[in-house]
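File shown: target17.cif. Contents: mmCIF, C-alpha atoms.
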```
data_run
loop_
_atom_site.label_atom_id
_atom_site.label_comp_id
_atom_site.auth_asym_id
_atom_site.auth_seq_id
_atom_site.Cartn_x
_atom_site.Cartn_y
_atom_site.Cartn_z
CA GLN K 846 76.65 51.08 -4.04
CA ASN K 847 73.62 50.72 -1.87
CA SER K 848 70.16 50.55 -3.41
CA SER K 849 66.76 50.77 -1.85
CA ILE K 850 63.44 49.40 -2.98
CA LEU K 851 60.16 51.06 -2.23
CA CYS K 852 57.04 48.86 -2.56
CA TYR K 853 53.45 50.03 -2.66
CA PHE K 854 50.60 47.63 -1.93
CA LEU K 855 47.29 48.65 -3.40
CA SER K 856 44.25 47.26 -1.66
CA LEU K 857 40.82 47.59 -3.24
CA SER K 858 37.65 47.08 -1.25
CA ILE K 859 34.65 46.21 -3.41
CA PRO K 860 31.40 46.60 -1.52
CA MET K 861 29.05 43.61 -1.71
CA ASN K 862 25.55 44.15 -2.95
CA THR K 863 23.64 43.63 0.25
CA ALA K 864 20.47 45.28 -0.88
CA LYS K 865 17.47 43.67 0.73
CA PRO K 866 14.18 43.23 -1.07
CA SER K 867 12.16 46.35 -0.76
CA ASN K 868 8.95 44.36 -1.06
CA LYS K 869 8.44 40.67 -0.27
CA GLU K 870 5.17 38.78 -0.34
CA SER K 871 4.47 35.10 0.24
CA ALA K 872 1.72 32.67 -0.71
CA GLN K 873 1.02 28.96 -0.48
CA ALA K 874 -0.44 26.51 -3.00
CA THR K 875 -1.42 22.85 -2.64
CA HIS K 876 -1.88 20.45 -5.55
CA ILE K 877 -2.11 16.72 -6.27
CA VAL K 878 0.43 14.68 -8.24
CA GLY K 879 -0.35 14.86 -11.95
CA ASP K 880 -2.03 18.29 -11.81
CA GLU K 881 -1.06 21.22 -13.98
CA VAL K 882 0.09 23.96 -11.63
CA GLU K 883 0.19 27.67 -12.42
CA ILE K 884 2.07 29.84 -9.93
CA SER K 885 1.16 33.47 -10.40
CA CYS K 886 3.57 36.42 -10.40
CA ASP K 887 1.81 39.78 -10.07
CA LEU K 888 4.98 41.87 -10.02
CA ARG K 889 5.18 44.86 -12.36
CA THR K 890 8.46 45.65 -14.09
CA ASP K 891 9.76 48.83 -15.65
CA LYS K 892 10.54 49.01 -19.38
CA GLU K 893 13.96 47.36 -19.07
CA GLY K 894 13.21 45.11 -16.11
CA ILE K 895 12.69 41.36 -16.33
CA ILE K 896 11.09 38.69 -14.15
CA VAL K 897 13.43 36.01 -12.76
CA TRP K 898 11.90 32.73 -11.62
CA LYS K 899 13.72 30.53 -9.10
CA THR K 900 13.12 27.39 -7.11
CA GLY K 901 15.23 27.67 -3.99
CA SER K 902 18.47 29.17 -5.29
CA ARG K 903 18.22 27.63 -8.77
CA VAL K 904 17.17 29.93 -11.63
CA LEU K 905 14.41 28.59 -13.89
CA PHE K 906 13.74 31.54 -16.20
CA ALA K 907 15.37 34.95 -16.68
CA GLY K 908 12.77 36.91 -18.57
CA ASN K 909 11.76 34.69 -21.47
CA MET K 910 15.11 32.88 -21.44
CA ARG K 911 14.82 29.29 -20.26
CA ILE K 912 17.58 28.30 -17.83
CA ARG K 913 16.21 25.03 -16.44
CA ARG K 914 15.94 22.32 -19.12
CA ASP K 915 12.71 20.81 -17.90
CA GLY K 916 10.11 20.57 -20.65
CA ARG K 917 7.30 20.59 -18.12
CA LEU K 918 8.09 24.20 -17.23
CA SER K 919 6.72 27.13 -19.21
CA LEU K 920 5.74 30.78 -18.82
CA VAL K 921 2.28 32.18 -19.40
CA ASN K 922 1.97 35.95 -18.88
CA ASN K 923 4.90 35.89 -16.43
CA ASN K 924 3.24 33.03 -14.48
CA LEU K 925 5.17 29.79 -14.02
CA VAL K 926 3.34 26.69 -15.29
CA ILE K 927 4.36 23.16 -14.25
CA SER K 928 2.60 20.37 -16.14
CA ARG K 929 2.25 16.86 -14.69
CA VAL K 930 3.51 17.98 -11.31
CA GLU K 931 5.52 15.43 -9.29
CA ARG K 932 6.21 15.00 -5.58
CA GLY K 933 9.76 16.23 -6.14
CA ASP K 934 8.40 19.57 -7.37
CA ALA K 935 7.33 20.54 -3.86
CA GLY K 936 9.20 23.48 -2.40
CA GLU K 937 9.72 27.22 -2.58
CA TYR K 938 9.25 29.15 -5.85
CA SER K 939 10.01 32.83 -6.23
CA CYS K 940 9.67 35.48 -8.90
CA GLU K 941 11.61 38.71 -8.55
CA THR K 942 12.50 41.87 -10.41
CA GLU K 943 14.87 44.77 -9.72
CA THR K 944 13.54 48.30 -9.53
CA LEU K 945 15.20 51.40 -10.99
CA SER K 946 16.34 52.33 -7.49
CA GLY K 947 18.13 48.99 -7.06
CA GLY K 948 15.58 47.45 -4.77
CA VAL K 949 14.14 44.00 -5.34
CA LEU K 950 10.47 43.08 -5.54
CA LEU K 951 10.01 39.47 -4.51
CA LEU K 952 7.03 37.12 -4.44
CA VAL K 953 7.49 33.68 -2.83
CA THR K 954 5.08 30.76 -3.22
CA TYR K 955 5.40 27.57 -1.16
CA LEU K 956 4.16 24.65 -3.24
CA ALA K 957 2.90 21.52 -1.43
CA ILE K 958 2.27 18.35 -3.46
CA LEU K 959 -0.20 15.72 -2.27
CA SER K 960 -0.24 12.18 -3.65
CA PRO K 961 -2.84 9.40 -3.37
CA PRO K 962 -2.07 6.52 -1.02
CA GLY K 963 -0.40 3.26 -1.90
CA ALA K 964 -0.28 -0.02 0.05
CA HIS K 965 2.31 -2.78 -0.30
CA ILE K 966 2.62 -5.97 1.76
CA LEU K 967 6.29 -6.88 2.15
CA GLY K 968 7.13 -10.41 1.03
CA GLY K 969 3.49 -11.30 0.44
CA ASP K 970 3.38 -11.84 -3.34
CA GLY K 971 -0.33 -12.55 -3.02
CA ALA K 972 -0.06 -15.72 -0.90
CA VAL K 973 1.69 -16.99 2.21
CA THR K 974 1.88 -20.66 3.18
CA VAL K 975 2.75 -21.67 6.75
CA LYS K 976 2.61 -24.85 8.80
CA TYR K 977 0.08 -25.46 11.53
CA GLY K 978 1.28 -24.03 14.85
CA ALA K 979 3.85 -21.69 13.30
CA SER K 980 4.24 -17.97 14.06
CA PHE K 981 5.03 -15.23 11.54
CA LYS K 982 4.76 -11.50 10.86
CA LEU K 983 3.42 -9.49 7.94
CA THR K 984 4.26 -5.81 7.38
CA CYS K 985 2.37 -3.40 5.15
CA ILE K 986 3.96 -0.15 3.97
CA GLY K 987 1.80 2.87 3.21
CA GLU K 988 2.93 5.51 0.71
CA GLY K 989 1.61 8.93 -0.21
CA GLU K 990 1.55 12.53 0.91
CA PRO K 991 0.43 13.06 3.58
CA VAL K 992 1.63 9.80 5.14
CA PRO K 993 -1.39 7.46 5.11
CA HIS K 994 -3.18 5.67 7.89
CA VAL K 995 -2.44 1.93 7.43
CA SER K 996 -4.75 -0.81 8.72
CA TRP K 997 -4.98 -4.60 8.52
CA TRP K 998 -8.38 -6.21 7.97
CA ARG K 999 -9.76 -9.72 8.19
CA LYS K 1000 -13.16 -9.57 6.50
CA ASP K 1001 -14.88 -6.60 8.20
CA THR K 1002 -12.70 -6.52 11.32
CA ILE K 1003 -9.62 -4.35 11.91
CA ILE K 1004 -6.82 -6.39 13.47
CA ALA K 1005 -4.01 -3.78 13.46
CA THR K 1006 -3.50 -0.12 12.59
CA ASN K 1007 -0.71 2.47 12.51
CA ILE K 1008 0.63 5.49 10.61
CA GLY K 1009 2.82 4.79 7.58
CA LYS K 1010 3.51 1.13 8.44
CA ALA K 1011 1.57 -1.58 10.23
CA THR K 1012 2.73 -5.05 11.28
CA ILE K 1013 0.64 -8.02 12.36
CA GLU K 1014 1.95 -11.06 14.19
CA LEU K 1015 0.10 -14.37 14.08
CA ASN K 1016 1.11 -16.95 16.65
CA ASN K 1017 0.33 -20.66 16.69
CA VAL K 1018 -1.71 -20.47 13.49
CA ASP K 1019 -4.45 -22.95 12.73
CA HIS K 1020 -7.27 -23.41 10.22
CA ARG K 1021 -9.12 -20.40 11.61
CA ASP K 1022 -6.32 -18.10 10.46
CA ALA K 1023 -6.50 -19.28 6.84
CA GLY K 1024 -8.02 -16.97 4.23
CA ASP K 1025 -7.61 -13.45 2.92
CA ILE K 1026 -6.00 -10.67 4.95
CA THR K 1027 -6.20 -7.14 3.52
CA CYS K 1028 -4.05 -4.07 4.11
CA LYS K 1029 -5.61 -0.65 3.47
CA ALA K 1030 -3.96 2.77 3.23
CA ASP K 1031 -5.90 6.04 3.39
CA ASN K 1032 -4.67 9.63 3.51
CA GLY K 1033 -7.76 11.44 2.29
CA VAL K 1034 -6.30 12.02 -1.19
CA GLY K 1035 -8.02 9.90 -3.83
CA ASP K 1036 -9.31 6.38 -3.24
CA VAL K 1037 -8.27 4.05 -0.43
CA ALA K 1038 -5.42 1.75 -1.58
CA GLU K 1039 -5.49 -1.97 -0.86
CA ASP K 1040 -3.16 -4.95 -0.99
CA ALA K 1041 -4.16 -8.46 0.05
CA VAL K 1042 -2.55 -11.77 0.86
CA THR K 1043 -4.11 -15.22 1.11
CA LEU K 1044 -2.91 -17.30 4.04
CA HIS K 1045 -2.69 -21.06 3.52
CA VAL K 1046 -2.21 -23.18 6.64
CA LEU K 1047 -0.73 -26.63 6.08
CA ALA K 1048 -2.12 -28.88 8.79
CA PRO K 1049 -3.70 -32.23 9.54
CA PRO K 1050 -7.40 -32.19 8.61
CA THR K 1051 -10.13 -31.24 11.06
CA ILE K 1052 -13.50 -33.04 10.89
CA PHE K 1053 -16.93 -31.66 11.76
CA LEU K 1054 -19.75 -34.21 12.05
CA SER K 1055 -23.49 -33.60 11.90
CA SER K 1056 -26.60 -35.69 11.39
CA SER K 1057 -30.26 -35.30 10.49
CA LEU K 1058 -33.14 -37.81 10.63
CA GLN K 1059 -36.29 -37.71 8.56
CA SER K 1060 -38.55 -40.67 9.06
CA CYS K 1061 -36.27 -43.67 8.48
CA SER K 1062 -33.71 -41.72 6.42
CA LEU K 1063 -30.60 -40.81 8.39
CA GLN K 1064 -28.02 -38.45 6.90
CA LEU K 1065 -24.52 -38.35 8.34
CA GLU K 1066 -22.47 -35.38 7.10
CA CYS K 1067 -18.72 -35.24 7.48
CA SER K 1068 -17.20 -31.80 6.70
CA VAL K 1069 -13.43 -31.56 6.41
CA GLN K 1070 -11.19 -28.53 6.77
CA SER K 1071 -7.82 -29.35 5.29
CA SER K 1072 -4.86 -27.87 3.47
CA PRO K 1073 -3.62 -29.61 1.45
CA GLN K 1074 -6.74 -31.49 0.41
CA ALA K 1075 -7.47 -34.58 2.46
CA THR K 1076 -8.58 -38.06 1.48
CA LEU K 1077 -11.90 -38.91 3.14
CA ARG K 1078 -13.10 -42.41 4.11
CA TRP K 1079 -16.16 -43.82 5.85
CA TRP K 1080 -16.02 -46.92 8.07
CA PHE K 1081 -18.91 -49.04 9.32
CA ASN K 1082 -18.20 -51.36 12.24
CA GLY K 1083 -14.52 -51.36 11.29
CA LEU K 1084 -15.15 -52.09 7.61
CA LEU K 1085 -14.40 -49.60 4.84
CA LEU K 1086 -17.51 -48.35 3.07
CA HIS K 1087 -17.16 -48.18 -0.73
CA PRO K 1088 -19.15 -45.81 -2.95
CA ASP K 1089 -20.83 -48.80 -4.62
CA ASN K 1090 -22.10 -50.15 -1.28
CA THR K 1091 -25.83 -50.91 -1.59
CA GLN K 1092 -26.47 -50.45 2.11
CA VAL K 1093 -25.75 -46.69 2.05
CA ARG K 1094 -25.64 -43.85 -0.44
CA MET K 1095 -22.48 -41.74 -0.43
CA VAL K 1096 -22.57 -38.28 -2.00
CA SER K 1097 -19.70 -35.80 -2.12
CA SER K 1098 -20.71 -32.46 -0.66
CA PRO K 1099 -17.66 -30.15 -0.59
CA PRO K 1100 -15.90 -29.65 1.70
CA GLY K 1101 -16.95 -33.14 2.83
CA GLN K 1102 -19.22 -36.10 2.16
CA VAL K 1103 -22.73 -37.15 3.12
CA VAL K 1104 -23.74 -40.73 3.86
CA THR K 1105 -27.47 -41.54 3.70
CA LEU K 1106 -28.71 -44.81 5.21
CA HIS K 1107 -31.96 -46.51 6.16
CA ALA K 1108 -32.11 -46.11 9.91
CA CYS K 1109 -35.03 -48.53 10.32
CA ARG K 1110 -33.11 -51.51 9.04
CA LEU K 1111 -31.42 -53.77 11.55
CA GLU K 1112 -28.37 -54.20 9.32
CA SER K 1113 -27.78 -50.42 9.43
CA VAL K 1114 -27.25 -50.39 13.19
CA GLY K 1115 -23.63 -49.94 14.18
CA GLU K 1116 -20.73 -47.52 14.42
CA TYR K 1117 -20.03 -45.12 11.55
CA VAL K 1118 -16.64 -43.41 11.50
CA CYS K 1119 -15.49 -40.60 9.18
CA GLU K 1120 -11.74 -40.44 8.62
CA ALA K 1121 -9.73 -37.74 6.81
CA GLU K 1122 -6.01 -37.80 6.10
CA ASN K 1123 -3.38 -35.71 4.31
CA ARG K 1124 0.40 -35.79 4.36
CA PHE K 1125 0.49 -33.86 7.65
CA GLY K 1126 -1.67 -36.34 9.55
CA GLY K 1127 -5.24 -37.47 10.00
CA ASP K 1128 -8.40 -37.05 12.06
#
```
Represent the structure from my file as structure tokens, please.
Amino acid sequence: QNSSILCYFLSLSIPMNTAKPSNKESAQATHIVGDEVEISCDLRTDKEGIIVWKTGSRVLFAGNMRIRRDGRLSLVNNNLVISRVERGDAGEYSCETETLSGGVLLLVTYLAILSPPGAHILGGDGAVTVKYGASFKLTCIGEGEPVPHVSWWRKDTIIATNIGKATIELNNVDHRDAGDITCKADNGVGDVAEDAVTLHVLAPPTIFLSSSLQSCSLQLECSVQSSPQATLRWWFNGLLLHPDNTQVRMVSSPPGQVVTLHACRLESVGEYVCEAENRFGGD
């Protein structure tokens, strides 16, 4: 006995809700990190309508029902309030409601967050020690929104500048490079940020000699530039002068030493030599 089977396939087509907003408005707000931000929503709802708040596609509030578990968020008269705003809060916020006719009223606010500048010298840790004649680089990173202008300063002179990051390169360093170098970052939001590093140059000492004569009193001054600290000695005609020598008076005068002698005495005539020495050499 032959049998036949009759099959019916039922296909249902469910139309998608492609209704476009019947009214869309946009606004923009700019705030600084740490501010309390209130984003207004001036939409009017019917008796059964509610306001839905979103950031991007993520729902924050549906009416008075909290969806996003962020304690900084709250509603005040349908306005969205964000306390202690952070840089990550920047973006698009929207409030919307559906009308009786099925249309959507939508208000979009673009929130921009500014933050004060920050400056950080990479690998500085407050001090850098290098040997005489060496070459090295220092990089300073600027942070903040907008991206700050970063500059390197030695005293009152700019030695390098850039946007976001600035690098200086010191070649064949000597005593003149020693001292404080400051990095500054400025983006117009809040105070200028600073970070500084002290450069120590390890090198043989350098001597600077000067003299002054008043009547028969002759002063010989020996100034020493040295890192690490140098040992200083005075020699007279090849003989070491000791502090207790009665022929001269030796007085320490940082960063050197002053020798005072009687220039009108015959025994004072001769060659005076100032010598400085540290573990890297002498002068």
task = Select, from K:Arg999, K:Arg929, K:Lys1029, K:Lys1010, the residue with the minimum atom-to-atom distance to Glu883 in chain K, counting only C-alpha atoms.
result =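 Closest to Glu883 in chain K of all the choices is K:Arg929.
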inquiry  = When the PyMOL selection byres ((chain K and resi 1014-1019) around 8) is applied to the structure above, which residues does it catch, written out as a ChimeraX atom specification?
reply    = /K:976-983,1012-1013,1020-1023,1046,1048
note = In Å and to one decimal, CA of Glu1120 in chain K is distant from CA of Pro1073 in chain K by 15.3 Å
Padded axis-aligned box of range 1079-1087 of chain K (5 Å per side), centre and edge lengths, Å, one decimal, as JSON:
```
{"center_x": -16.7, "center_y": -48.0, "center_z": 5.8, "size_x": 14.5, "size_y": 18.3, "size_z": 23.0}
```
key: Of the listed residues K:Leu920, K:Ala1041, K:Cys1067, K:Ala874, that which approaches His965 in chain K most closely, counting only C-alpha atoms   =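 Among K:Leu920, K:Ala1041, K:Cys1067, K:Ala874, it is K:Ala1041 that comes nearest to His965 in chain K.
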ask   = When you draw a straight line from CA of Asn922 in chain K to CA of Asn909 in chain K, how long is it in Å?
value =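 Going from CA of Asn922 in chain K over to CA of Asn909 in chain K, I get 10.2 Å.
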Can you tell me which residues surround range 1077-1083 of chain K at a distance of at most 10 Å, considering only C-alpha atoms, apart from same-chain residues fewer than 2 positions away, and format the answer as a PDB file with C-alpha atoms, keeping the file's coordinate frame?
```
ATOM      1  CA  PRO K1050      -7.400 -32.190   8.610  1.00  0.00           C
ATOM      2  CA  ILE K1052     -13.500 -33.040  10.890  1.00  0.00           C
ATOM      3  CA  CYS K1067     -18.720 -35.240   7.480  1.00  0.00           C
ATOM      4  CA  SER K1068     -17.200 -31.800   6.700  1.00  0.00           C
ATOM      5  CA  VAL K1069     -13.430 -31.560   6.410  1.00  0.00           C
ATOM      6  CA  GLN K1074      -6.740 -31.490   0.410  1.00  0.00           C
ATOM      7  CA  ALA K1075      -7.470 -34.580   2.460  1.00  0.00           C
ATOM      8  CA  LEU K1085     -14.400 -49.600   4.840  1.00  0.00           C
ATOM      9  CA  LEU K1086     -17.510 -48.350   3.070  1.00  0.00           C
ATOM     10  CA  HIS K1087     -17.160 -48.180  -0.730  1.00  0.00           C
ATOM     11  CA  PRO K1088     -19.150 -45.810  -2.950  1.00  0.00           C
ATOM     12  CA  MET K1095     -22.480 -41.740  -0.430  1.00  0.00           C
ATOM     13  CA  SER K1097     -19.700 -35.800  -2.120  1.00  0.00           C
ATOM     14  CA  GLY K1101     -16.950 -33.140   2.830  1.00  0.00           C
ATOM     15  CA  GLN K1102     -19.220 -36.100   2.160  1.00  0.00           C
ATOM     16  CA  VAL K1103     -22.730 -37.150   3.120  1.00  0.00           C
ATOM     17  CA  VAL K1104     -23.740 -40.730   3.860  1.00  0.00           C
ATOM     18  CA  SER K1113     -27.780 -50.420   9.430  1.00  0.00           C
ATOM     19  CA  VAL K1114     -27.250 -50.390  13.190  1.00  0.00           C
ATOM     20  CA  GLY K1115     -23.630 -49.940  14.180  1.00  0.00           C
ATOM     21  CA  GLU K1116     -20.730 -47.520  14.420  1.00  0.00           C
ATOM     22  CA  TYR K1117     -20.030 -45.120  11.550  1.00  0.00           C
ATOM     23  CA  VAL K1118     -16.640 -43.410  11.500  1.00  0.00           C
ATOM     24  CA  CYS K1119     -15.490 -40.600   9.180  1.00  0.00           C
ATOM     25  CA  GLU K1120     -11.740 -40.440   8.620  1.00  0.00           C
ATOM     26  CA  ALA K1121      -9.730 -37.740   6.810  1.00  0.00           C
ATOM     27  CA  GLU K1122      -6.010 -37.800   6.100  1.00  0.00           C
ATOM     28  CA  ASN K1123      -3.380 -35.710   4.310  1.00  0.00           C
ATOM     29  CA  GLY K1127      -5.240 -37.470  10.000  1.00  0.00           C
ATOM     30  CA  ASP K1128      -8.400 -37.050  12.060  1.00  0.00           C
TER      31      ASP K1128
END
```
key: Top pick for closest residue to Lys869 in chain K, considering K:Leu1084, K:Gly933, K:Cys940, K:Gly989 and counting only C-alpha atoms   = K:Cys940
key: Answer key for the PyMOL selection byres ((chain K and resi 1011) around 12), residues as a ChimeraX atom specification   = /K:964-967,982-988,993-998,1003-1010,1012-1014,1027-1030
Go ahead and dump the residues you just picked, C-alpha atoms, as an mmCIF file, in the coordinates of the input.
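Okay, part23.cif is ready:
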```
data_model
loop_
_atom_site.group_PDB
_atom_site.id
_atom_site.type_symbol
_atom_site.label_atom_id
_atom_site.label_comp_id
_atom_site.auth_asym_id
_atom_site.auth_seq_id
_atom_site.Cartn_x
_atom_site.Cartn_y
_atom_site.Cartn_z
ATOM 1 C CA ALA K 964 -0.280 -0.020 0.050
ATOM 2 C CA HIS K 965 2.310 -2.780 -0.300
ATOM 3 C CA ILE K 966 2.620 -5.970 1.760
ATOM 4 C CA LEU K 967 6.290 -6.880 2.150
ATOM 5 C CA LYS K 982 4.760 -11.500 10.860
ATOM 6 C CA LEU K 983 3.420 -9.490 7.940
ATOM 7 C CA THR K 984 4.260 -5.810 7.380
ATOM 8 C CA CYS K 985 2.370 -3.400 5.150
ATOM 9 C CA ILE K 986 3.960 -0.150 3.970
ATOM 10 C CA GLY K 987 1.800 2.870 3.210
ATOM 11 C CA GLU K 988 2.930 5.510 0.710
ATOM 12 C CA PRO K 993 -1.390 7.460 5.110
ATOM 13 C CA HIS K 994 -3.180 5.670 7.890
ATOM 14 C CA VAL K 995 -2.440 1.930 7.430
ATOM 15 C CA SER K 996 -4.750 -0.810 8.720
ATOM 16 C CA TRP K 997 -4.980 -4.600 8.520
ATOM 17 C CA TRP K 998 -8.380 -6.210 7.970
ATOM 18 C CA ILE K 1003 -9.620 -4.350 11.910
ATOM 19 C CA ILE K 1004 -6.820 -6.390 13.470
ATOM 20 C CA ALA K 1005 -4.010 -3.780 13.460
ATOM 21 C CA THR K 1006 -3.500 -0.120 12.590
ATOM 22 C CA ASN K 1007 -0.710 2.470 12.510
ATOM 23 C CA ILE K 1008 0.630 5.490 10.610
ATOM 24 C CA GLY K 1009 2.820 4.790 7.580
ATOM 25 C CA LYS K 1010 3.510 1.130 8.440
ATOM 26 C CA THR K 1012 2.730 -5.050 11.280
ATOM 27 C CA ILE K 1013 0.640 -8.020 12.360
ATOM 28 C CA GLU K 1014 1.950 -11.060 14.190
ATOM 29 C CA THR K 1027 -6.200 -7.140 3.520
ATOM 30 C CA CYS K 1028 -4.050 -4.070 4.110
ATOM 31 C CA LYS K 1029 -5.610 -0.650 3.470
ATOM 32 C CA ALA K 1030 -3.960 2.770 3.230
#
```
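Atom pair CA of Ala935 in chain K / CA of Met910 in chain K has a distance of 22.8 Å (rounded to one decimal).
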ask   = the PyMOL selection byres ((chain K and resi 1108) around 10) on the file shown: which residues, as a count of residues only?
value = 16
key: Selection as a ChimeraX atom specification: residues within 12 Å of (12.6, 54.8, -13.5), counting only C-alpha atoms   = /K:890-894,943-948
request  = Could you tell me which of K:Leu951, K:Leu1044, K:Asp1001, K:Glu1066 comes closest to Ser1098 in chain K if we count all atoms listed in the file?
outcome  = K:Glu1066
ask   = Which of these, K:Glu881, K:Arg932, K:Thr1043, K:Ser902, has the shortest distance to Ser919 in chain K once you count all atoms listed in the file?
value = K:Glu881
Ser960 in chain K environment, 7 Å, all atoms listed in the file, sequence neighbours closer than 4 positions dropped, as a CSV table (one decimal) with C-alpha atoms, keeping the file's coordinate frame:
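See result21.csv below for the written result:
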```
chain,number,residue,atom,x,y,z
K,877,ILE,CA,-2.1,16.7,-6.3
K,878,VAL,CA,0.4,14.7,-8.2
K,989,GLY,CA,1.6,8.9,-0.2
K,990,GLU,CA,1.6,12.5,0.9
K,1034,VAL,CA,-6.3,12.0,-1.2
```
task = For each of K:Asp1036, K:Glu931, K:Asp1025, K:Glu870, take the minimum atom-to-atom distance to Pro961 in chain K, counting all atoms listed in the file, then give the residue where this is smallest.
result =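 Ranked by minimum distance to Pro961 in chain K, first place goes to K:Asp1036.
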Completion of range 1031-1045 of chain K up to N, CA, C and O atoms, as a compact mmCIF listing (two decimals), in the frame of the given file:
```
# COMPACT_ATOMS: atom_id res chain seq x y z
N ASP K 1031 -5.01 4.92 3.67
CA ASP K 1031 -5.90 6.04 3.39
C ASP K 1031 -5.29 7.33 3.93
O ASP K 1031 -4.91 7.39 5.11
N ASN K 1032 -5.17 8.32 3.06
CA ASN K 1032 -4.67 9.63 3.51
C ASN K 1032 -5.58 10.78 3.10
O ASN K 1032 -5.20 11.94 3.16
N GLY K 1033 -6.80 10.42 2.66
CA GLY K 1033 -7.76 11.44 2.29
C GLY K 1033 -7.57 12.01 0.90
O GLY K 1033 -8.33 12.89 0.48
N VAL K 1034 -6.56 11.54 0.17
CA VAL K 1034 -6.30 12.02 -1.19
C VAL K 1034 -6.62 10.87 -2.15
O VAL K 1034 -5.92 9.86 -2.17
N GLY K 1035 -7.67 10.98 -2.91
CA GLY K 1035 -8.02 9.90 -3.83
C GLY K 1035 -8.63 8.71 -3.09
O GLY K 1035 -9.05 8.80 -1.94
N ASP K 1036 -8.68 7.58 -3.79
CA ASP K 1036 -9.31 6.38 -3.24
C ASP K 1036 -8.40 5.67 -2.25
O ASP K 1036 -7.17 5.82 -2.27
N VAL K 1037 -9.02 4.88 -1.38
CA VAL K 1037 -8.27 4.05 -0.43
C VAL K 1037 -7.52 2.96 -1.21
O VAL K 1037 -8.08 2.31 -2.10
N ALA K 1038 -6.24 2.77 -0.91
CA ALA K 1038 -5.42 1.75 -1.58
C ALA K 1038 -5.48 0.45 -0.79
O ALA K 1038 -5.57 0.47 0.44
N GLU K 1039 -5.42 -0.66 -1.52
CA GLU K 1039 -5.49 -1.97 -0.86
C GLU K 1039 -4.45 -2.92 -1.44
O GLU K 1039 -4.09 -2.84 -2.60
N ASP K 1040 -3.98 -3.80 -0.59
CA ASP K 1040 -3.16 -4.95 -0.99
C ASP K 1040 -3.61 -6.12 -0.12
O ASP K 1040 -3.95 -5.92 1.04
N ALA K 1041 -3.64 -7.31 -0.70
CA ALA K 1041 -4.16 -8.46 0.05
C ALA K 1041 -3.24 -9.66 -0.10
O ALA K 1041 -2.48 -9.78 -1.07
N VAL K 1042 -3.32 -10.53 0.88
CA VAL K 1042 -2.55 -11.77 0.86
C VAL K 1042 -3.47 -12.89 1.34
O VAL K 1042 -4.30 -12.69 2.22
N THR K 1043 -3.33 -14.05 0.72
CA THR K 1043 -4.11 -15.22 1.11
C THR K 1043 -3.22 -16.14 1.94
O THR K 1043 -2.14 -16.53 1.49
N LEU K 1044 -3.68 -16.45 3.13
CA LEU K 1044 -2.91 -17.30 4.04
C LEU K 1044 -3.37 -18.75 3.91
O LEU K 1044 -4.56 -19.06 4.10
N HIS K 1045 -2.43 -19.63 3.58
CA HIS K 1045 -2.69 -21.06 3.52
C HIS K 1045 -2.00 -21.71 4.72
O HIS K 1045 -0.80 -21.51 4.95
```
